[in-house]
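S.K.: Got a structure for you, written out below as C-alpha cells; questions coming shortly.
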Amino acid sequence: MSDPSLYGNSFADVYDEWYGDVSDVQATVDVMTELASGGGVLELGVGTGRLAIPLAATGTPVTGVDSSSAMLKQLAANDHGRIVAAVEANMAELSMEPQYNAVFVAYNTIFNLTTIEEQQACFASVATALLPGGHFAVEAFVPDLSASTPDRAVTPTSLMGESAVLTATIRDRQAQSVTGQHIELRQDGTVKLRPWKIRYASPEQLDAMAMAAGFSLVDRWDGWSRAPFSDESPRHVTIYRLNRSDSQQRTAGTTSCTSTSP
Ligand SMILES: C[S@@+](CC[C@H](N)C(=O)[O-])C[C@H]1O[C@@H](n2cnc3c(N)ncnc32)[C@H](O)[C@@H]1O
C-alpha cells in the first residue's frame with residue numbers, strides 16, 4: 001500500500017520554490033480548457049495549485065483532489081480567490097458521481113500510487129467521476145528500461161544558495177518501483193530528509209489499465225504543447241476517452257471525500 005501522505009509531507013514546504021517551473025503551465029491549461037469544453041475539470045494530486053489555479057482562472061470550474069493536508073494548506077494559501085474546490089481524498093479510492101467533462105493527473109503523480117492495484121483503482125475511480133464521453137489526461141515520464149542504467153544512484157539535484165540537495169534512489173526492477181530520498185544539507189549543519197516512493201509504468205502498461213477501466217486511447221504527445229510522441233520522448237501526455245455511456249456499470253472505491261473549499 002502507498003502512504004498517500006508521504007509525498008506531500010516531504011515536499012509541501014518547498015514545492016512551489018523547487019517545482020514551480022517544472023512544466024508548461026499555459027500549455028496544460030490550454031489542453032484542459034479544450035477537453036473541458038465548458039464543463040468541470042477534476043485534477044488528481046492538485047498539490048499547491050500550480051496548474052489548477054491558472055486553469056480555474058480561465059473560468060473553468062476546477063476541483064482538486066489531494067491526499068496531503070500539508071499540500072492542501074499550501075493550495076489554500078495560494079488560491080486567494082478560492083476558485084479551486086479542494087477535496088482531501090486518496091485518488092485510488094474516490095467515490096464520485098459522474099460530473100466532470102475532463103480529469104487530469106500531471107507530472108508523474110499517477111506513479112505516487114505505488115502498487116499496480118492502486119493505479120488500476122485510480123483509473124476505475126476516474127471512470128466513475130467522468131460524464132459519458134469525458135476525457136482523462138495523464139502526464140508521466142517514460143521509464144528508462146535500459147540494463148546499463150544503475151539501480152542505485154546519488155545525484156546532485158541542487159548545489160545553489162545555502163544548501164545542497166542530493167537525490168538518492170534505489171530501484172526495484174521487478175516491482176517497477178523507485179524509493180528515494182532528497183537529502184538537503186544546510187549551511188547551519190542540519191540535514192533534512194525528504195522521502196518519496198513511486199511505481200513507474202510504461203505508456204503501454206498505462207494503456208492496458210485505461211482499457212480495463214473502459215477508456216480508449218485518443219492521443220499521445222511528447223508534452224502538453226502537443227509535439228508528436230516518439231521512441232525518443234522522455235515523457236508523454238496521453239489523452240483517453242471514456243467509452244461507456246452507462247455510468248451505472250462502473251464501480252468505485254468507498255472512501256468519502258471532504259471538500260475544504262467551495
Ligand atoms: C508531484 S506533485 C504534483 C502537484 C501538482 N499536480 C503539480 O503538477 O504541480 C504530486 C501531488 O500528488 C499528491 N498525492 C500523492 N499521492 C496521492 C494520492 N494517493 N491521492 C491523492 N493525491 C496524492 C501529493 O500530495 C502531491 O500534492
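Residue numbers start at 1 in each chain; chains themselves are named A, B, ... in the order of the C-alpha cells; ligands are numbered from 1 in the order shown.
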Dump as CSV the rows for residues of chain A within 9 Å of ligand 1: closest atom pair and distance in Å with one decimal, only C-alpha atoms and all ligand atoms counted, ordered by chain and rising residue number.
M.R.:
```
residue,atom,partner,partner_atom_place_in_ligand_line,distance
A:Ser2,CA,ligand 1,19 (N),7.0
A:Asp3,CA,ligand 1,19 (N),7.4
A:Pro4,CA,ligand 1,19 (N),4.3
A:Ser5,CA,ligand 1,25 (O),5.9
A:Leu6,CA,ligand 1,15 (C),7.2
A:Tyr7,CA,ligand 1,24 (C),5.2
A:Gly8,CA,ligand 1,25 (O),3.8
A:Asn9,CA,ligand 1,25 (O),7.3
A:Ser10,CA,ligand 1,25 (O),8.9
A:Phe11,CA,ligand 1,26 (C),8.0
A:Ala12,CA,ligand 1,27 (O),7.3
A:Tyr15,CA,ligand 1,9 (O),7.9
A:Asp16,CA,ligand 1,9 (O),8.0
A:Tyr19,CA,ligand 1,9 (O),7.0
A:Gly20,CA,ligand 1,9 (O),7.1
A:Asp21,CA,ligand 1,9 (O),9.0
A:Val22,CA,ligand 1,9 (O),7.9
A:Ser23,CA,ligand 1,8 (O),7.8
A:Val25,CA,ligand 1,8 (O),8.8
A:Glu43,CA,ligand 1,6 (N),7.1
A:Leu44,CA,ligand 1,21 (C),6.0
A:Gly45,CA,ligand 1,12 (O),3.4
A:Val46,CA,ligand 1,6 (N),4.3
A:Gly47,CA,ligand 1,27 (O),3.2
A:Thr48,CA,ligand 1,4 (C),6.4
A:Gly49,CA,ligand 1,5 (C),6.3
A:Arg50,CA,ligand 1,9 (O),4.8
A:Leu51,CA,ligand 1,7 (C),6.0
A:Ala52,CA,ligand 1,6 (N),7.8
A:Gly64,CA,ligand 1,6 (N),8.8
A:Val65,CA,ligand 1,21 (C),5.9
A:Asp66,CA,ligand 1,22 (N),3.7
A:Ser67,CA,ligand 1,21 (C),4.1
A:Ser68,CA,ligand 1,25 (O),4.5
A:Ser69,CA,ligand 1,25 (O),7.9
A:Ala70,CA,ligand 1,25 (O),7.8
A:Met71,CA,ligand 1,27 (O),5.4
A:Leu72,CA,ligand 1,27 (O),7.6
A:Glu88,CA,ligand 1,21 (C),7.6
A:Ala89,CA,ligand 1,21 (C),5.8
A:Asn90,CA,ligand 1,20 (N),3.6
A:Met91,CA,ligand 1,20 (N),3.9
A:Ala92,CA,ligand 1,19 (N),5.9
A:Glu93,CA,ligand 1,20 (N),8.1
A:Leu94,CA,ligand 1,20 (N),8.9
A:Phe104,CA,ligand 1,6 (N),8.8
A:Val105,CA,ligand 1,6 (N),6.5
A:Ala106,CA,ligand 1,8 (O),5.1
A:Tyr107,CA,ligand 1,8 (O),5.1
A:Asn108,CA,ligand 1,1 (C),6.3
A:Thr109,CA,ligand 1,10 (C),4.7
A:Ile110,CA,ligand 1,16 (N),7.7
A:Phe111,CA,ligand 1,16 (N),8.2
A:Asn112,CA,ligand 1,16 (N),4.9
A:Leu113,CA,ligand 1,19 (N),5.6
A:Thr114,CA,ligand 1,19 (N),8.8
A:Glu118,CA,ligand 1,19 (N),8.3
A:Cys122,CA,ligand 1,19 (N),8.8
```
S.K.: For Gln181 in chain A, work out the shell of residues within 10 Å, counting only C-alpha atoms and skipping chain neighbours fewer than 2 positions away, then give it as an MDAnalysis selection string.
M.R.: chainID A and resid 10 154 165:170 179 183:184 192:197
S.K.: Would you work out the distance separating CA of Trp18 in chain A from CA of Glu139 in chain A, expressed in Å to one decimal?
M.R.: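 Computing it gives 18.9 Å between the two atoms.
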S.K.: Which is closer to Thr63 in chain A than all the others in A:Thr238, A:Asn101, A:Gln205, A:Thr28, using only C-alpha atoms?
M.R.: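 Checking each of A:Thr238, A:Asn101, A:Gln205, A:Thr28 against Thr63 in chain A, counting only C-alpha atoms, the winner is A:Asn101.
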S.K.: Determine, counting only C-alpha atoms, which protein, DNA and RNA residues have an atom within 12 Å of an atom of Val218 in chain A; residues of the same chain fewer than 6 positions away are not included. Present the result as a list of chain:residue names.
M.R.: A:Leu35, A:Gly133, A:Gly134, A:His135, A:Phe136, A:Ala137, A:Val138, A:Asp207, A:Ala210, A:Met211, A:Val237, A:Thr238, A:Ile239, A:Tyr240, A:Arg241, A:Leu242, A:Asn243
S.K.: Could you write out the selected residues, including N, CA and C atoms, as a PDB file, in the first residue's frame?
M.R.:
```
ATOM      1  N   LEU A  35     -10.460  20.227 -23.437  1.00  0.00           N
ATOM      2  CA  LEU A  35     -11.127  18.971 -23.062  1.00  0.00           C
ATOM      3  C   LEU A  35     -12.353  19.224 -22.187  1.00  0.00           C
ATOM      4  N   GLY A 133     -18.284   9.948 -22.350  1.00  0.00           N
ATOM      5  CA  GLY A 133     -17.504  10.614 -23.394  1.00  0.00           C
ATOM      6  C   GLY A 133     -16.450  11.553 -22.859  1.00  0.00           C
ATOM      7  N   GLY A 134     -16.322  11.640 -21.532  1.00  0.00           N
ATOM      8  CA  GLY A 134     -15.327  12.531 -20.932  1.00  0.00           C
ATOM      9  C   GLY A 134     -13.907  12.050 -21.157  1.00  0.00           C
ATOM     10  N   HIS A 135     -12.944  12.933 -20.895  1.00  0.00           N
ATOM     11  CA  HIS A 135     -11.536  12.638 -21.196  1.00  0.00           C
ATOM     12  C   HIS A 135     -10.690  12.593 -19.922  1.00  0.00           C
ATOM     13  N   PHE A 136      -9.666  11.748 -19.964  1.00  0.00           N
ATOM     14  CA  PHE A 136      -8.698  11.630 -18.880  1.00  0.00           C
ATOM     15  C   PHE A 136      -7.310  11.864 -19.477  1.00  0.00           C
ATOM     16  N   ALA A 137      -6.609  12.897 -18.982  1.00  0.00           N
ATOM     17  CA  ALA A 137      -5.259  13.219 -19.461  1.00  0.00           C
ATOM     18  C   ALA A 137      -4.245  12.814 -18.403  1.00  0.00           C
ATOM     19  N   VAL A 138      -3.248  12.062 -18.829  1.00  0.00           N
ATOM     20  CA  VAL A 138      -2.208  11.544 -17.931  1.00  0.00           C
ATOM     21  C   VAL A 138      -0.855  12.031 -18.428  1.00  0.00           C
ATOM     22  N   ASP A 207      -1.857   2.226 -20.795  1.00  0.00           N
ATOM     23  CA  ASP A 207      -2.941   1.991 -21.763  1.00  0.00           C
ATOM     24  C   ASP A 207      -3.771   0.771 -21.350  1.00  0.00           C
ATOM     25  N   ALA A 210      -6.024   1.651 -18.611  1.00  0.00           N
ATOM     26  CA  ALA A 210      -7.092   2.513 -19.116  1.00  0.00           C
ATOM     27  C   ALA A 210      -8.153   1.685 -19.844  1.00  0.00           C
ATOM     28  N   MET A 211      -7.698   0.760 -20.695  1.00  0.00           N
ATOM     29  CA  MET A 211      -8.649  -0.082 -21.445  1.00  0.00           C
ATOM     30  C   MET A 211      -9.529  -0.872 -20.473  1.00  0.00           C
ATOM     31  N   VAL A 237       2.208  12.928 -22.684  1.00  0.00           N
ATOM     32  CA  VAL A 237       0.871  13.331 -22.241  1.00  0.00           C
ATOM     33  C   VAL A 237      -0.088  12.499 -23.079  1.00  0.00           C
ATOM     34  N   THR A 238      -0.898  11.700 -22.400  1.00  0.00           N
ATOM     35  CA  THR A 238      -1.801  10.779 -23.096  1.00  0.00           C
ATOM     36  C   THR A 238      -3.244  11.145 -22.776  1.00  0.00           C
ATOM     37  N   ILE A 239      -4.048  11.172 -23.810  1.00  0.00           N
ATOM     38  CA  ILE A 239      -5.465  11.511 -23.651  1.00  0.00           C
ATOM     39  C   ILE A 239      -6.300  10.258 -23.900  1.00  0.00           C
ATOM     40  N   TYR A 240      -7.092   9.904 -22.900  1.00  0.00           N
ATOM     41  CA  TYR A 240      -8.025   8.778 -23.019  1.00  0.00           C
ATOM     42  C   TYR A 240      -9.456   9.316 -23.022  1.00  0.00           C
ATOM     43  N   ARG A 241     -10.334   8.583 -23.677  1.00  0.00           N
ATOM     44  CA  ARG A 241     -11.767   8.947 -23.656  1.00  0.00           C
ATOM     45  C   ARG A 241     -12.568   7.776 -23.075  1.00  0.00           C
ATOM     46  N   LEU A 242     -13.531   8.125 -22.232  1.00  0.00           N
ATOM     47  CA  LEU A 242     -14.379   7.093 -21.613  1.00  0.00           C
ATOM     48  C   LEU A 242     -15.354   6.564 -22.649  1.00  0.00           C
ATOM     49  N   ASN A 243     -15.368   5.230 -22.828  1.00  0.00           N
ATOM     50  CA  ASN A 243     -16.228   4.627 -23.849  1.00  0.00           C
ATOM     51  C   ASN A 243     -17.672   4.529 -23.413  1.00  0.00           C
TER      52      ASN A 243
END
```
S.K.: So that I can check the surroundings of Thr60 in chain A, please list as a list in words every protein, DNA and RNA residue that reaches within 7 Å of it, counting only C-alpha atoms and ignoring chain neighbours fewer than 5 positions away.
M.R.: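 Residues meeting the cut-off are Thr33, Gly38, Gly39, Gly40 and Leu55 of chain A.
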S.K.: Mind writing the picked residues with N, CA, C and O atoms as a JSON list (two decimals), in the first residue's frame?
M.R.:
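The result, stored in again_7.json:
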```json
[["chain", "number", "residue", "atom", "x", "y", "z"],
["A", 33, "THR", "N", -8.58, 23.15, -20.92],
["A", 33, "THR", "CA", -9.73, 24.00, -21.25],
["A", 33, "THR", "C", -10.48, 23.43, -22.44],
["A", 33, "THR", "O", -11.72, 23.37, -22.47],
["A", 38, "GLY", "N", -16.31, 23.62, -21.67],
["A", 38, "GLY", "CA", -17.34, 24.35, -20.93],
["A", 38, "GLY", "C", -17.79, 23.67, -19.65],
["A", 38, "GLY", "O", -18.49, 24.28, -18.84],
["A", 39, "GLY", "N", -17.39, 22.41, -19.43],
["A", 39, "GLY", "CA", -17.79, 21.70, -18.21],
["A", 39, "GLY", "C", -16.70, 21.74, -17.15],
["A", 39, "GLY", "O", -15.73, 22.48, -17.25],
["A", 40, "GLY", "N", -16.86, 20.89, -16.13],
["A", 40, "GLY", "CA", -15.94, 20.88, -15.00],
["A", 40, "GLY", "C", -14.75, 19.97, -15.22],
["A", 40, "GLY", "O", -14.81, 19.01, -16.00],
["A", 55, "LEU", "N", -5.84, 27.28, -14.34],
["A", 55, "LEU", "CA", -6.95, 26.71, -15.12],
["A", 55, "LEU", "C", -8.28, 27.28, -14.64],
["A", 55, "LEU", "O", -9.12, 27.69, -15.46]]
```
S.K.: Give me, as a count of residues only, the residues of range 4-227 of chain A that a backbone DSSP run labels helix (DSSP H, G or I).
M.R.: 67
S.K.: Run DSSP on the backbone and give me the residues of range 12-126 of chain A it puts in strand (DSSP E or B), as a count of residues only.
M.R.: 20
S.K.: What separation in Å, quoted to one decimal, exists between CA of Ala129 in chain A and CA of Ala201 in chain A?
M.R.: 22.9 Å
S.K.: Could you tell me how far CA of Ala27 in chain A sits from CA of Gly180 in chain A, in Å to one decimal place?
M.R.: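 Between these atoms lies a distance of 29.3 Å.
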S.K.: Env of Ala164 in chain A: 10 Å cut, atoms = only C-alpha atoms, seq-sep filter 3 positions within chain, self excluded. Answer as JSON, numbers by chain.
M.R.: {"A": [156, 157, 158, 159, 160, 161, 182, 183, 184, 185, 186, 187, 191]}
S.K.: Any idea what's packed within 7 Å of range 56-58 of chain A, counting only C-alpha atoms, ignoring anything in its chain fewer than 3 positions away? Could you give it as a PDB file with N, CA and C atoms, in the first residue's frame?
M.R.:
```
ATOM      1  N   ALA A  52      -3.938  23.996 -11.254  1.00  0.00           N
ATOM      2  CA  ALA A  52      -5.389  24.148 -11.046  1.00  0.00           C
ATOM      3  C   ALA A  52      -5.800  25.617 -10.937  1.00  0.00           C
ATOM      4  N   ILE A  53      -4.977  26.437 -10.286  1.00  0.00           N
ATOM      5  CA  ILE A  53      -5.373  27.848 -10.101  1.00  0.00           C
ATOM      6  C   ILE A  53      -5.399  28.592 -11.453  1.00  0.00           C
ATOM      7  N   PRO A  61     -14.665  25.500 -14.188  1.00  0.00           N
ATOM      8  CA  PRO A  61     -14.822  25.032 -12.808  1.00  0.00           C
ATOM      9  C   PRO A  61     -13.838  23.887 -12.521  1.00  0.00           C
ATOM     10  N   VAL A  62     -12.999  24.047 -11.504  1.00  0.00           N
ATOM     11  CA  VAL A  62     -11.947  23.067 -11.218  1.00  0.00           C
ATOM     12  C   VAL A  62     -12.069  22.553  -9.792  1.00  0.00           C
ATOM     13  N   ILE A  83     -10.905  29.842  -5.918  1.00  0.00           N
ATOM     14  CA  ILE A  83     -11.529  29.453  -7.187  1.00  0.00           C
ATOM     15  C   ILE A  83     -11.386  27.958  -7.475  1.00  0.00           C
ATOM     16  N   VAL A  84     -10.578  27.250  -6.674  1.00  0.00           N
ATOM     17  CA  VAL A  84     -10.446  25.793  -6.829  1.00  0.00           C
ATOM     18  C   VAL A  84     -11.159  25.115  -5.660  1.00  0.00           C
TER      19      VAL A  84
END
```
